[in-house]
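> Okay, so here is final.cif, and as you'll see once you scroll down, it has mmCIF, C-alpha atoms and all ligand atoms.
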```cif
data_target
loop_
_atom_site.label_atom_id
_atom_site.label_comp_id
_atom_site.auth_asym_id
_atom_site.auth_seq_id
_atom_site.Cartn_x
_atom_site.Cartn_y
_atom_site.Cartn_z
CA MET A 1 79.66 94.88 80.78
CA ASN A 2 79.83 91.76 82.96
CA ILE A 3 83.26 90.62 84.06
CA LEU A 4 84.61 87.36 85.42
CA LEU A 5 87.71 87.93 87.54
CA ILE A 6 89.89 84.95 88.43
CA GLY A 7 91.87 84.85 91.66
CA SER A 8 91.65 85.32 95.41
CA GLY A 9 94.57 87.48 96.52
CA GLY A 10 95.28 91.07 97.41
CA ARG A 11 96.11 91.57 93.74
CA GLU A 12 92.60 90.55 92.67
CA ASN A 13 91.11 92.71 95.44
CA ALA A 14 92.94 95.69 93.89
CA ILE A 15 91.80 94.71 90.37
CA ALA A 16 88.18 94.31 91.54
CA LYS A 17 88.25 97.75 93.19
CA GLY A 18 89.73 99.32 90.06
CA LEU A 19 87.13 97.73 87.80
CA TYR A 20 84.28 98.60 90.18
CA GLU A 21 85.25 102.27 89.93
CA SER A 22 85.30 102.08 86.11
CA GLU A 23 82.67 103.37 83.73
CA GLY A 24 80.49 100.93 81.84
CA LEU A 25 80.63 98.16 84.41
CA LYS A 26 77.50 96.11 85.07
CA LYS A 27 78.65 93.35 87.39
CA ILE A 28 81.83 91.55 88.49
CA PHE A 29 81.85 87.86 89.35
CA CYS A 30 85.00 86.51 90.99
CA THR A 31 86.21 82.95 91.40
CA PRO A 32 87.05 82.04 94.09
CA GLY A 33 87.19 85.61 95.50
CA ASN A 34 87.65 86.65 99.13
CA PRO A 35 85.77 88.85 101.65
CA GLY A 36 87.54 92.02 100.43
CA ILE A 37 86.72 91.27 96.79
CA GLU A 38 83.08 90.71 97.84
CA ASN A 39 82.76 94.47 98.39
CA PHE A 40 82.90 94.74 94.60
CA ALA A 41 82.04 91.33 93.17
CA GLU A 42 79.93 88.24 93.67
CA SER A 43 82.06 85.26 94.72
CA ILE A 44 81.48 82.11 92.74
CA ASP A 45 83.10 78.69 92.71
CA LEU A 46 84.54 77.47 89.41
CA ASN A 47 87.27 75.00 88.59
CA THR A 48 89.31 77.25 86.32
CA SER A 49 91.36 74.28 85.07
CA ASN A 50 88.13 73.00 83.53
CA HIS A 51 87.90 75.36 80.56
CA ASN A 52 84.45 74.18 79.48
CA GLU A 53 83.09 74.91 82.97
CA VAL A 54 84.39 78.48 82.72
CA LEU A 55 82.99 78.88 79.19
CA ASN A 56 79.54 77.64 80.26
CA TYR A 57 79.50 80.06 83.17
CA CYS A 58 80.47 82.93 80.86
CA ASN A 59 77.71 82.02 78.39
CA ILE A 60 74.99 81.70 81.04
CA ASN A 61 75.95 84.96 82.78
CA ASN A 62 76.66 87.07 79.69
CA ILE A 63 80.29 87.58 80.65
CA ASN A 64 82.01 89.82 78.11
CA LEU A 65 85.45 90.04 79.68
CA VAL A 66 87.51 87.57 81.71
CA VAL A 67 90.37 89.03 83.74
CA ILE A 68 92.93 86.44 84.83
CA GLY A 69 94.92 87.49 87.92
CA PRO A 70 97.31 84.59 88.65
CA GLU A 71 99.76 82.75 86.40
CA VAL A 72 98.48 79.17 86.58
CA PRO A 73 95.30 79.61 84.45
CA LEU A 74 97.38 81.57 81.91
CA VAL A 75 100.01 78.84 81.66
CA GLU A 76 97.16 76.30 81.35
CA GLY A 77 95.86 78.10 78.26
CA LEU A 78 92.56 79.48 79.56
CA ALA A 79 93.00 82.65 77.47
CA ASP A 80 93.54 80.61 74.26
CA PHE A 81 90.39 78.59 74.94
CA LEU A 82 88.01 81.44 75.79
CA THR A 83 89.11 83.76 72.99
CA GLN A 84 88.08 81.05 70.49
CA TYR A 85 84.52 81.72 71.65
CA ASP A 86 84.76 85.50 71.22
CA ILE A 87 85.12 86.25 74.92
CA LEU A 88 87.57 89.06 75.65
CA VAL A 89 90.38 87.85 77.91
CA PHE A 90 92.81 90.11 79.73
CA GLY A 91 96.00 88.06 80.03
CA PRO A 92 98.36 86.34 77.60
CA LYS A 93 97.90 83.09 75.70
CA MET A 94 99.66 79.88 76.68
CA LEU A 95 102.82 80.28 74.59
CA SER A 96 103.35 83.86 75.81
CA ALA A 97 102.66 82.73 79.39
CA LYS A 98 105.66 80.43 79.00
CA LEU A 99 107.75 83.54 79.67
CA GLU A 100 106.78 82.88 83.29
CA GLY A 101 105.99 79.17 83.05
CA SER A 102 109.40 78.06 81.79
CA LYS A 103 112.62 79.76 82.82
CA LYS A 104 114.48 77.84 80.11
CA PHE A 105 112.10 79.16 77.43
CA THR A 106 112.79 82.73 78.58
CA LYS A 107 116.53 82.16 78.82
CA GLU A 108 116.62 80.78 75.25
CA ILE A 109 114.82 83.91 74.06
CA CYS A 110 117.33 86.05 75.96
CA LYS A 111 120.18 84.18 74.25
CA LYS A 112 118.72 84.50 70.76
CA TYR A 113 117.75 88.17 71.09
CA GLU A 114 120.79 89.22 73.15
CA ILE A 115 118.67 90.32 76.09
CA PRO A 116 120.90 91.05 79.12
CA THR A 117 120.43 88.37 81.79
CA ALA A 118 122.54 86.13 84.06
CA LYS A 119 124.72 83.59 82.22
CA PHE A 120 123.08 80.17 82.47
CA ASN A 121 123.13 76.47 81.68
CA SER A 122 120.15 74.11 81.77
CA PHE A 123 120.10 70.46 82.84
CA ASN A 124 117.63 67.61 82.86
CA GLU A 125 119.94 65.13 84.62
CA GLU A 126 121.14 65.31 88.20
CA ILE A 127 124.63 63.89 87.54
CA MET A 128 125.40 66.35 84.75
CA ALA A 129 124.16 69.26 86.86
CA ILE A 130 126.33 68.27 89.83
CA GLU A 131 129.41 67.77 87.63
CA PHE A 132 128.89 71.24 86.18
CA LEU A 133 128.34 72.75 89.63
CA LYS A 134 131.65 71.38 90.93
CA LYS A 135 133.49 73.66 88.51
CA GLN A 136 131.57 76.84 89.41
CA LYS A 137 132.14 79.79 91.77
CA PHE A 138 129.69 80.55 94.60
CA PRO A 139 127.16 81.94 95.31
CA ILE A 140 125.28 80.52 92.36
CA VAL A 141 121.57 80.36 91.59
CA ILE A 142 119.65 77.12 90.99
CA LYS A 143 116.13 77.38 89.58
CA ALA A 144 113.37 74.93 88.81
CA ASP A 145 112.34 75.48 85.19
CA GLY A 146 108.60 75.49 85.81
CA LEU A 147 106.11 77.16 88.16
CA ALA A 148 106.91 76.44 91.80
CA ALA A 149 104.76 79.03 93.61
CA GLY A 150 107.77 81.31 94.18
CA LYS A 151 109.78 78.56 95.93
CA GLY A 152 111.78 77.23 93.00
CA VAL A 153 114.80 79.57 93.28
CA ILE A 154 117.67 78.60 95.57
CA ILE A 155 120.77 80.72 96.06
CA ALA A 156 123.53 78.27 96.95
CA GLU A 157 126.40 79.74 98.97
CA ASN A 158 128.62 76.65 98.57
CA LEU A 159 128.88 73.30 96.79
CA ASP A 160 126.97 71.37 99.49
CA GLU A 161 124.02 73.75 99.33
CA GLY A 162 124.12 73.61 95.55
CA ILE A 163 124.13 69.81 95.45
CA SER A 164 121.21 69.59 97.85
CA ALA A 165 119.30 72.17 95.76
CA ILE A 166 119.90 70.08 92.63
CA GLN A 167 118.84 66.89 94.43
CA LYS A 168 115.73 68.63 95.77
CA ASN A 169 114.67 69.44 92.21
CA PHE A 170 115.35 66.02 90.75
CA SER A 171 113.77 64.18 93.69
CA GLY A 172 110.46 65.82 92.79
CA ALA A 173 110.13 68.49 95.51
CA PHE A 174 108.72 70.85 92.88
CA ASN A 175 106.92 68.10 90.95
CA GLU A 176 107.14 68.54 87.17
CA ALA A 177 108.57 72.07 87.60
CA GLY A 178 111.93 70.71 88.79
CA LYS A 179 112.44 68.07 86.08
CA GLU A 180 114.58 70.59 84.26
CA ILE A 181 116.76 73.11 86.09
CA ILE A 182 118.68 76.26 85.30
CA ILE A 183 121.99 77.00 86.99
CA GLU A 184 122.83 80.66 86.61
CA GLU A 185 125.28 83.33 87.57
CA PHE A 186 124.53 85.24 90.79
CA LEU A 187 123.85 88.86 89.90
CA ILE A 188 124.87 91.70 92.21
CA GLY A 189 122.79 94.86 92.37
CA GLU A 190 119.43 96.26 93.43
CA GLU A 191 116.20 94.57 92.29
CA VAL A 192 113.33 96.46 90.74
CA SER A 193 110.15 95.49 88.92
CA PHE A 194 109.13 97.16 85.68
CA PHE A 195 105.70 96.75 84.11
CA VAL A 196 104.40 97.26 80.59
CA LEU A 197 101.00 96.65 79.03
CA ALA A 198 100.97 95.08 75.57
CA ASP A 199 98.46 94.30 72.87
CA GLU A 200 99.20 92.51 69.60
CA ASN A 201 100.31 95.72 67.89
CA SER A 202 101.83 97.98 70.50
CA PHE A 203 102.80 98.40 74.11
CA LYS A 204 102.67 101.10 76.77
CA GLU A 205 104.96 101.60 79.70
CA LEU A 206 103.10 101.23 82.99
CA THR A 207 105.34 101.93 85.96
CA SER A 208 107.95 100.55 88.34
CA ALA A 209 107.74 99.07 91.83
CA GLN A 210 109.98 97.46 94.38
CA ASP A 211 108.88 94.30 96.19
CA HIS A 212 110.32 92.97 99.48
CA LYS A 213 110.50 89.21 99.10
CA ARG A 214 112.27 88.19 102.31
CA ILE A 215 110.30 87.63 105.52
CA GLY A 216 112.63 89.57 107.84
CA ILE A 217 113.64 93.16 108.45
CA ASN A 218 116.65 94.27 106.35
CA ASP A 219 115.80 91.62 103.74
CA THR A 220 116.74 88.62 105.86
CA GLY A 221 115.28 85.12 106.19
CA PRO A 222 113.46 82.98 103.67
CA ASN A 223 111.68 84.22 100.55
CA THR A 224 107.93 84.84 100.66
CA GLY A 225 105.35 85.80 98.05
CA GLY A 226 106.21 89.43 98.90
CA MET A 227 105.91 91.31 102.19
CA GLY A 228 105.32 94.80 100.84
CA ALA A 229 105.99 97.09 97.90
CA TYR A 230 106.04 100.68 96.81
CA SER A 231 105.61 102.45 93.50
CA PRO A 232 107.14 104.19 91.65
CA ALA A 233 110.66 103.03 92.48
CA PRO A 234 113.01 106.03 92.22
CA ILE A 235 115.93 103.76 91.30
CA MET A 236 114.22 103.27 87.93
CA THR A 237 115.43 106.51 86.35
CA SER A 238 114.24 107.51 82.88
CA LYS A 239 117.62 106.42 81.51
CA LEU A 240 117.24 102.94 83.03
CA LYS A 241 113.64 102.72 81.80
CA LYS A 242 114.74 103.55 78.28
CA GLU A 243 117.53 100.99 78.41
CA THR A 244 115.13 98.34 79.78
CA ILE A 245 112.58 99.04 77.06
CA GLU A 246 115.13 98.96 74.25
CA ARG A 247 117.26 96.03 75.38
CA ILE A 248 114.76 93.84 77.26
CA ILE A 249 111.08 94.63 76.59
CA LYS A 250 111.12 95.34 72.85
CA PRO A 251 113.21 92.27 71.91
CA THR A 252 110.94 90.06 74.06
CA LEU A 253 107.77 91.37 72.41
CA LYS A 254 109.44 90.91 69.03
CA ALA A 255 110.38 87.33 69.95
CA MET A 256 106.80 86.45 70.91
CA LYS A 257 105.51 87.96 67.66
CA GLU A 258 108.02 85.95 65.69
CA LEU A 259 106.90 82.81 67.53
CA GLY A 260 103.36 83.56 66.32
CA CYS A 261 101.95 84.44 69.73
CA PRO A 262 102.17 88.20 70.35
CA PHE A 263 102.27 88.91 74.08
CA THR A 264 99.13 90.59 75.41
CA GLY A 265 98.42 91.80 78.95
CA VAL A 266 100.78 92.84 81.73
CA LEU A 267 104.43 91.95 81.24
CA TYR A 268 106.28 92.23 84.54
CA ALA A 269 110.06 92.26 84.24
CA GLY A 270 111.97 91.41 87.42
CA LEU A 271 115.26 93.24 86.96
CA MET A 272 118.61 93.47 88.67
CA ILE A 273 120.25 96.87 88.25
CA THR A 274 123.89 95.83 87.95
CA ASN A 275 127.05 97.82 87.25
CA GLU A 276 126.58 96.79 83.62
CA GLY A 277 123.00 98.10 83.52
CA PRO A 278 119.61 96.36 83.94
CA LYS A 279 119.56 92.58 83.57
CA LEU A 280 116.46 90.40 83.42
CA ILE A 281 116.05 88.06 86.41
CA GLU A 282 112.66 86.73 85.40
CA TYR A 283 109.39 87.54 83.70
CA ASN A 284 105.93 87.32 85.18
CA VAL A 285 102.99 87.50 82.81
CA ARG A 286 100.57 89.25 85.17
CA PHE A 287 100.44 91.93 87.83
CA GLY A 288 102.57 91.16 90.89
CA ASP A 289 101.16 90.58 94.34
CA PRO A 290 101.65 92.86 96.34
CA GLU A 291 102.90 95.17 93.54
CA CYS A 292 99.37 95.43 92.11
CA GLN A 293 98.19 96.91 95.42
CA VAL A 294 100.46 99.92 94.83
CA ILE A 295 100.18 100.17 91.05
CA LEU A 296 96.42 100.21 90.53
CA PRO A 297 95.69 102.71 93.34
CA ARG A 298 98.03 105.12 91.47
CA LEU A 299 96.35 104.55 88.10
CA LYS A 300 94.13 107.49 87.15
CA THR A 301 93.09 106.05 83.77
CA ASP A 302 89.85 104.04 83.77
CA LEU A 303 91.01 100.44 84.33
CA LEU A 304 88.17 98.76 82.45
CA SER A 305 88.62 100.83 79.29
CA LEU A 306 92.37 100.19 79.45
CA MET A 307 91.81 96.43 79.70
CA ILE A 308 89.26 96.46 76.89
CA ASN A 309 91.54 98.48 74.63
CA CYS A 310 94.26 95.98 75.40
CA CYS A 311 92.00 93.03 74.50
CA LYS A 312 90.81 94.76 71.29
CA ASN A 313 94.32 95.75 70.16
CA LYS A 314 93.50 99.43 70.57
CA LEU A 315 95.99 100.17 73.30
CA SER A 316 97.51 102.98 71.25
CA GLU A 317 94.26 104.91 71.87
CA SER A 318 94.72 104.82 75.66
CA ILE A 319 96.47 107.52 77.62
CA ILE A 320 97.88 106.19 80.86
CA GLU A 321 97.93 108.68 83.73
CA TRP A 322 99.23 108.28 87.25
CA ASP A 323 98.81 109.81 90.67
CA LYS A 324 102.15 111.52 91.22
CA ARG A 325 102.40 110.45 94.87
CA TYR A 326 104.10 107.29 96.12
CA ALA A 327 101.91 104.36 97.07
CA LEU A 328 103.26 101.87 99.58
CA THR A 329 101.70 98.64 100.79
CA ILE A 330 102.61 96.54 103.82
CA VAL A 331 101.53 92.92 104.02
CA MET A 332 100.23 91.74 107.39
CA ALA A 333 100.94 88.02 107.64
CA ALA A 334 100.15 85.24 110.07
CA GLY A 335 103.06 84.75 112.51
CA GLY A 336 105.15 81.79 111.30
CA TYR A 337 104.61 82.45 107.58
CA PRO A 338 106.25 81.38 105.22
CA GLU A 339 106.56 78.22 107.33
CA SER A 340 103.57 76.87 109.28
CA TYR A 341 101.07 79.31 110.78
CA GLU A 342 97.64 79.37 112.39
CA THR A 343 94.42 80.32 110.68
CA GLY A 344 90.99 81.21 112.05
CA GLN A 345 92.14 84.20 114.15
CA LEU A 346 89.61 87.02 114.56
CA ILE A 347 90.73 90.24 112.82
CA THR A 348 89.58 93.58 114.23
CA GLY A 349 90.17 97.19 113.29
CA ILE A 350 90.00 97.07 109.47
CA ASP A 351 87.04 99.51 109.44
CA LEU A 352 88.90 101.80 111.82
CA ALA A 353 92.01 101.83 109.63
CA GLU A 354 89.97 102.56 106.50
CA LYS A 355 88.35 105.64 108.07
CA ASP A 356 91.46 107.43 106.84
CA PRO A 357 90.77 108.15 103.14
CA ASN A 358 94.50 107.71 102.51
CA ILE A 359 94.29 104.03 103.50
CA THR A 360 92.99 101.00 101.62
CA VAL A 361 92.99 97.50 103.06
CA PHE A 362 93.18 94.67 100.51
CA HIS A 363 92.23 91.16 101.59
CA ALA A 364 94.26 88.07 100.69
CA GLY A 365 94.10 85.21 103.22
CA THR A 366 90.84 86.05 104.99
CA ARG A 367 87.42 84.44 105.30
CA LYS A 368 84.07 85.57 106.60
CA ASP A 369 82.36 83.89 109.52
CA ASN A 370 78.93 85.51 109.99
CA ASN A 371 79.92 89.15 110.36
CA SER A 372 83.47 88.50 111.49
CA ILE A 373 86.62 88.41 109.39
CA LEU A 374 89.05 85.61 110.26
CA THR A 375 92.59 84.89 109.08
CA ASN A 376 92.71 82.17 106.45
CA GLY A 377 96.20 82.19 104.94
CA GLY A 378 99.83 83.22 105.30
CA ARG A 379 99.63 86.66 103.75
CA VAL A 380 96.39 87.89 105.30
CA ILE A 381 95.86 91.51 104.20
CA SER A 382 97.85 94.34 102.69
CA VAL A 383 97.52 97.93 103.79
CA THR A 384 98.14 100.57 101.14
CA SER A 385 98.84 104.22 101.79
CA PHE A 386 99.95 107.28 99.79
CA GLY A 387 102.63 109.82 100.58
CA SER A 388 104.54 112.62 98.93
CA THR A 389 107.63 110.68 100.01
CA VAL A 390 108.12 106.93 100.49
CA LYS A 391 108.80 107.59 104.17
CA GLU A 392 105.50 109.44 104.59
CA ALA A 393 103.62 106.58 102.92
CA ASN A 394 105.41 104.02 105.12
CA THR A 395 104.58 105.96 108.32
CA SER A 396 100.89 106.28 107.52
CA ALA A 397 100.61 102.60 106.51
CA ILE A 398 102.13 101.64 109.86
CA ASP A 399 99.73 103.97 111.71
CA ALA A 400 96.87 102.10 110.04
CA ILE A 401 98.40 98.69 110.75
CA ASN A 402 98.58 99.57 114.44
CA LEU A 403 94.77 99.72 114.43
CA ILE A 404 94.39 96.24 112.91
CA LYS A 405 94.77 93.35 115.30
CA TRP A 406 94.74 89.57 115.56
CA ASN A 407 96.72 87.04 117.59
CA ASN A 408 100.27 86.65 116.37
CA SER A 409 100.17 88.97 113.36
CA TYR A 410 103.44 89.93 111.67
CA TYR A 411 104.58 92.66 109.29
CA ARG A 412 107.81 94.25 108.11
CA SER A 413 108.12 97.82 109.35
CA ASP A 414 110.94 98.62 106.89
CA ILE A 415 109.05 98.43 103.59
CA GLY A 416 110.59 101.02 101.27
CA TRP A 417 113.87 101.16 103.20
CA ARG A 418 116.08 101.59 100.16
CA ALA A 419 114.10 104.55 98.87
CA ILE A 420 113.79 106.01 102.39
CA LYS A 421 117.57 105.81 102.79
CA ARG A 422 117.95 107.73 99.53
CA GLU A 423 115.37 110.30 100.68
CA ASP A 424 117.25 110.73 103.97
CA ASN A 425 120.47 111.39 102.05
CA GLU A 426 118.94 114.02 99.78
P1 LIG A 501 112.59 84.64 90.82
O1 LIG A 501 111.54 83.69 91.33
O2 LIG A 501 113.28 84.20 89.56
O3 LIG A 501 112.15 86.07 90.86
O4 LIG A 501 113.73 84.64 91.95
C1 LIG A 501 113.43 84.90 93.28
C2 LIG A 501 114.47 85.80 93.83
O5 LIG A 501 115.75 85.15 93.78
C3 LIG A 501 114.67 87.08 93.04
O6 LIG A 501 113.75 88.05 93.41
C4 LIG A 501 116.10 87.44 93.43
O7 LIG A 501 116.11 88.07 94.70
C5 LIG A 501 116.76 86.12 93.54
N1 LIG A 501 117.46 85.78 92.29
C6 LIG A 501 116.97 85.10 91.23
N2 LIG A 501 117.88 85.00 90.26
C7 LIG A 501 118.98 85.63 90.70
C8 LIG A 501 120.29 85.88 90.16
N3 LIG A 501 120.65 85.39 88.97
N4 LIG A 501 121.15 86.59 90.91
C9 LIG A 501 120.83 87.05 92.12
N5 LIG A 501 119.63 86.84 92.69
C10 LIG A 501 118.70 86.15 91.99
N1 LIG A 502 105.53 89.75 94.27
C1 LIG A 502 106.11 88.86 93.35
C2 LIG A 502 105.19 88.25 92.40
O1 LIG A 502 104.03 88.60 92.31
O2 LIG A 502 105.62 87.37 91.66
#
```
Please lay out the structure from this file as structure tokens.
Ligand code: AMP
Ligand code: GLY

Amino acid sequence: MNILLIGSGGRENAIAKGLYESEGLKKIFCTPGNPGIENFAESIDLNTSNHNEVLNYCNINNINLVVIGPEVPLVEGLADFLTQYDILVFGPKMLSAKLEGSKKFTKEICKKYEIPTAKFNSFNEEIMAIEFLKKQKFPIVIKADGLAAGKGVIIAENLDEGISAIQKNFSGAFNEAGKEIIIEEFLIGEEVSFFVLADENSFKELTSAQDHKRIGINDTGPNTGGMGAYSPAPIMTSKLKKETIERIIKPTLKAMKELGCPFTGVLYAGLMITNEGPKLIEYNVRFGDPECQVILPRLKTDLLSLMINCCKNKLSESIIEWDKRYALTIVMAAGGYPESYETGQLITGIDLAEKDPNITVFHAGTRKDNNSILTNGGRVISVTSFGSTVKEANTSAIDAINLIKWNNSYYRSDIGWRAIKREDNE
């Protein structure tokens, strides 16, 4: 089987590795790819917004399966287009991808199906939004409706911050994404991510993970794409999982079926565990990054056969098995990220770190220059390790990170701190 993988992050590096280790694989092509992905796939250059270009490439190269890593091609309907031509596509169709692509769409589903989530109102006019805000308590959360590369959520501590967040949206800072906004209740609790895999007929629970979105130690500073993660997340007890499946996942899958577009692929629920139980913060319609770098290394089931069963609506035939240990990944970023940062710095020590069979380095913002690897983005690499405890996994990831060097690199040493605190108290 020939596969076309779409994406260029640590997530796609983890997917490429998983597929490469699968049975029945002939060749992986990846667009645009990165130097880490190139260990498993041939990098190619396609404009994935041009659906005919992707289709032609698939036809010429006998591609049987297209695996879509990021959200944008899903929201643009690439899966809908390719499946018309009998190409298997791992990832949901356009209407299902709206669960990530439009916060209002998801909130309306939550309302109709009584899915627990923050109370909300939506606005498409600045004046109305500000008038509403004046009557609210703070903190409050203001969100661009559409995709804003993880930057569209602002937690306003007071009216001034709220008004400037509203104005930012309506002045076009998030382009089309901010033309409609959601103002919602601030939820208090601990965040956790829960993943399921769905085909048109059934779904299977995958696992849980906890991301660390803030740039600074102790979850301080601005939000990033994610500075590290671990899986499974012990906070997600079997009781909470059951509640999440019954009250959040099942009604959502039912809603998409009733809308005529059954959800297929990875459904990633961002949850807040509140005093009233789990509440949905948001959906993503794909693996998370860096969550994927801790989920797939734990997956014992053959990834390719799982994806194919998912595409062929035979998911019920798959048995999903996991490594029982914890996996933890720490993102090494360019100093300055998520604001401005330098690129082109020489990275050394990756080979040294990977001598330990417990360690895998996934590339994100890197590029090759002859035989050297240079930094080429904000989140540069992520270093994944296993442990029988979260603390053990954190310590060995940091040992590996200490071997990897470039000018002005940055990482959070406290990835997993909530779970480690619980372990220390046991
Ligand atoms: P999102 O892009 O929707 O995941 O939001 C980014 C981050 O903002 C989340 O991971 C939360 O930390 C925070 N957030 C979003 N919505 C809420 C909410 N209603 N209450 C508290 N925090 C929230
Ligand atoms: N790590 C958060 C995300 O992938 O959306």
> Taking all atoms listed in the file into account, list the residues no farther than 9 Å from ligand LIG 502 (chain A), as a list of chain:residue names.
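Residues satisfying the distance criterion: A:Arg11, A:Pro70, A:Ala149, A:Gly150, A:Ser193, A:Gln210, A:Asp211, A:His212, A:Lys213, A:Thr224, A:Gly225, A:Gly226, A:Met227, A:Gly228, A:Ala229, A:Tyr268, A:Gly270, A:Tyr283, A:Asn284, A:Arg286, A:Phe287, A:Gly288, A:Asp289, A:Pro290, A:Glu291, A:Cys292.
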> With distances taken over all atoms listed in the file, which residue among A:Ala333, A:Ile398, A:Ile109, A:Leu303 lies nearest Asn376 in chain A?
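Of A:Ala333, A:Ile398, A:Ile109, A:Leu303, the one nearest Asn376 in chain A, counting all atoms listed in the file, is A:Ala333.
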> Tell me, counting all atoms listed in the file, for each residue of chain A within 10 Å of ligand LIG 501 (chain A), which pair of atoms is nearest and how far apart they are in Å to one decimal, in rows ordered by chain and increasing number, as JSON lines.

```
{"residue": "A:Glu100", "atom": "CA", "partner": "A:LIG501", "partner_atom": "O2", "distance": 9.1}
{"residue": "A:Lys103", "atom": "CA", "partner": "A:LIG501", "partner_atom": "O2", "distance": 8.1}
{"residue": "A:Thr117", "atom": "CA", "partner": "A:LIG501", "partner_atom": "N3", "distance": 7.8}
{"residue": "A:Ala118", "atom": "CA", "partner": "A:LIG501", "partner_atom": "N3", "distance": 5.3}
{"residue": "A:Lys119", "atom": "CA", "partner": "A:LIG501", "partner_atom": "N3", "distance": 8.1}
{"residue": "A:Phe120", "atom": "CA", "partner": "A:LIG501", "partner_atom": "N3", "distance": 8.7}
{"residue": "A:Pro139", "atom": "CA", "partner": "A:LIG501", "partner_atom": "C9", "distance": 8.7}
{"residue": "A:Ile140", "atom": "CA", "partner": "A:LIG501", "partner_atom": "N4", "distance": 7.5}
{"residue": "A:Val141", "atom": "CA", "partner": "A:LIG501", "partner_atom": "N3", "distance": 5.7}
{"residue": "A:Ile142", "atom": "CA", "partner": "A:LIG501", "partner_atom": "N2", "distance": 8.1}
{"residue": "A:Lys143", "atom": "CA", "partner": "A:LIG501", "partner_atom": "O2", "distance": 7.4}
{"residue": "A:Ala144", "atom": "CA", "partner": "A:LIG501", "partner_atom": "O1", "distance": 9.3}
{"residue": "A:Asp145", "atom": "CA", "partner": "A:LIG501", "partner_atom": "O2", "distance": 9.8}
{"residue": "A:Leu147", "atom": "CA", "partner": "A:LIG501", "partner_atom": "O1", "distance": 9.1}
{"residue": "A:Ala148", "atom": "CA", "partner": "A:LIG501", "partner_atom": "O1", "distance": 8.6}
{"residue": "A:Ala149", "atom": "CA", "partner": "A:LIG501", "partner_atom": "O1", "distance": 8.5}
{"residue": "A:Gly150", "atom": "CA", "partner": "A:LIG501", "partner_atom": "O1", "distance": 5.3}
{"residue": "A:Lys151", "atom": "CA", "partner": "A:LIG501", "partner_atom": "O1", "distance": 7.1}
{"residue": "A:Gly152", "atom": "CA", "partner": "A:LIG501", "partner_atom": "O1", "distance": 6.7}
{"residue": "A:Val153", "atom": "CA", "partner": "A:LIG501", "partner_atom": "O4", "distance": 5.3}
{"residue": "A:Ile154", "atom": "CA", "partner": "A:LIG501", "partner_atom": "O5", "distance": 7.1}
{"residue": "A:Ile155", "atom": "CA", "partner": "A:LIG501", "partner_atom": "O5", "distance": 7.1}
{"residue": "A:Ile183", "atom": "CA", "partner": "A:LIG501", "partner_atom": "N3", "distance": 8.7}
{"residue": "A:Glu184", "atom": "CA", "partner": "A:LIG501", "partner_atom": "N3", "distance": 5.7}
{"residue": "A:Glu185", "atom": "CA", "partner": "A:LIG501", "partner_atom": "N3", "distance": 5.3}
{"residue": "A:Phe186", "atom": "CA", "partner": "A:LIG501", "partner_atom": "N4", "distance": 3.6}
{"residue": "A:Leu187", "atom": "CA", "partner": "A:LIG501", "partner_atom": "N4", "distance": 3.7}
{"residue": "A:Ile188", "atom": "CA", "partner": "A:LIG501", "partner_atom": "C9", "distance": 6.2}
{"residue": "A:Gly189", "atom": "CA", "partner": "A:LIG501", "partner_atom": "C9", "distance": 8.1}
{"residue": "A:Glu190", "atom": "CA", "partner": "A:LIG501", "partner_atom": "O7", "distance": 8.9}
{"residue": "A:Glu191", "atom": "CA", "partner": "A:LIG501", "partner_atom": "O7", "distance": 6.9}
{"residue": "A:Val192", "atom": "CA", "partner": "A:LIG501", "partner_atom": "O6", "distance": 8.8}
{"residue": "A:Ser193", "atom": "CA", "partner": "A:LIG501", "partner_atom": "O6", "distance": 9.4}
{"residue": "A:Asp211", "atom": "CA", "partner": "A:LIG501", "partner_atom": "O6", "distance": 8.4}
{"residue": "A:His212", "atom": "CA", "partner": "A:LIG501", "partner_atom": "O6", "distance": 8.5}
{"residue": "A:Lys213", "atom": "CA", "partner": "A:LIG501", "partner_atom": "O6", "distance": 6.7}
{"residue": "A:Arg214", "atom": "CA", "partner": "A:LIG501", "partner_atom": "O7", "distance": 8.5}
{"residue": "A:Asp219", "atom": "CA", "partner": "A:LIG501", "partner_atom": "O7", "distance": 9.7}
{"residue": "A:Asn223", "atom": "CA", "partner": "A:LIG501", "partner_atom": "C2", "distance": 7.4}
{"residue": "A:Thr224", "atom": "CA", "partner": "A:LIG501", "partner_atom": "C1", "distance": 9.2}
{"residue": "A:Gly225", "atom": "CA", "partner": "A:LIG501", "partner_atom": "O1", "distance": 9.4}
{"residue": "A:Gly226", "atom": "CA", "partner": "A:LIG501", "partner_atom": "O6", "distance": 9.4}
{"residue": "A:Ala269", "atom": "CA", "partner": "A:LIG501", "partner_atom": "O3", "distance": 9.3}
{"residue": "A:Gly270", "atom": "CA", "partner": "A:LIG501", "partner_atom": "O3", "distance": 6.4}
{"residue": "A:Leu271", "atom": "CA", "partner": "A:LIG501", "partner_atom": "O6", "distance": 8.4}
{"residue": "A:Met272", "atom": "CA", "partner": "A:LIG501", "partner_atom": "C9", "distance": 7.6}
{"residue": "A:Lys279", "atom": "CA", "partner": "A:LIG501", "partner_atom": "N3", "distance": 9.1}
{"residue": "A:Leu280", "atom": "CA", "partner": "A:LIG501", "partner_atom": "N3", "distance": 8.6}
{"residue": "A:Ile281", "atom": "CA", "partner": "A:LIG501", "partner_atom": "N2", "distance": 5.2}
{"residue": "A:Glu282", "atom": "CA", "partner": "A:LIG501", "partner_atom": "O2", "distance": 4.9}
{"residue": "A:Tyr283", "atom": "CA", "partner": "A:LIG501", "partner_atom": "O2", "distance": 7.8}
{"residue": "A:Asn284", "atom": "CA", "partner": "A:LIG501", "partner_atom": "O3", "distance": 8.5}
```
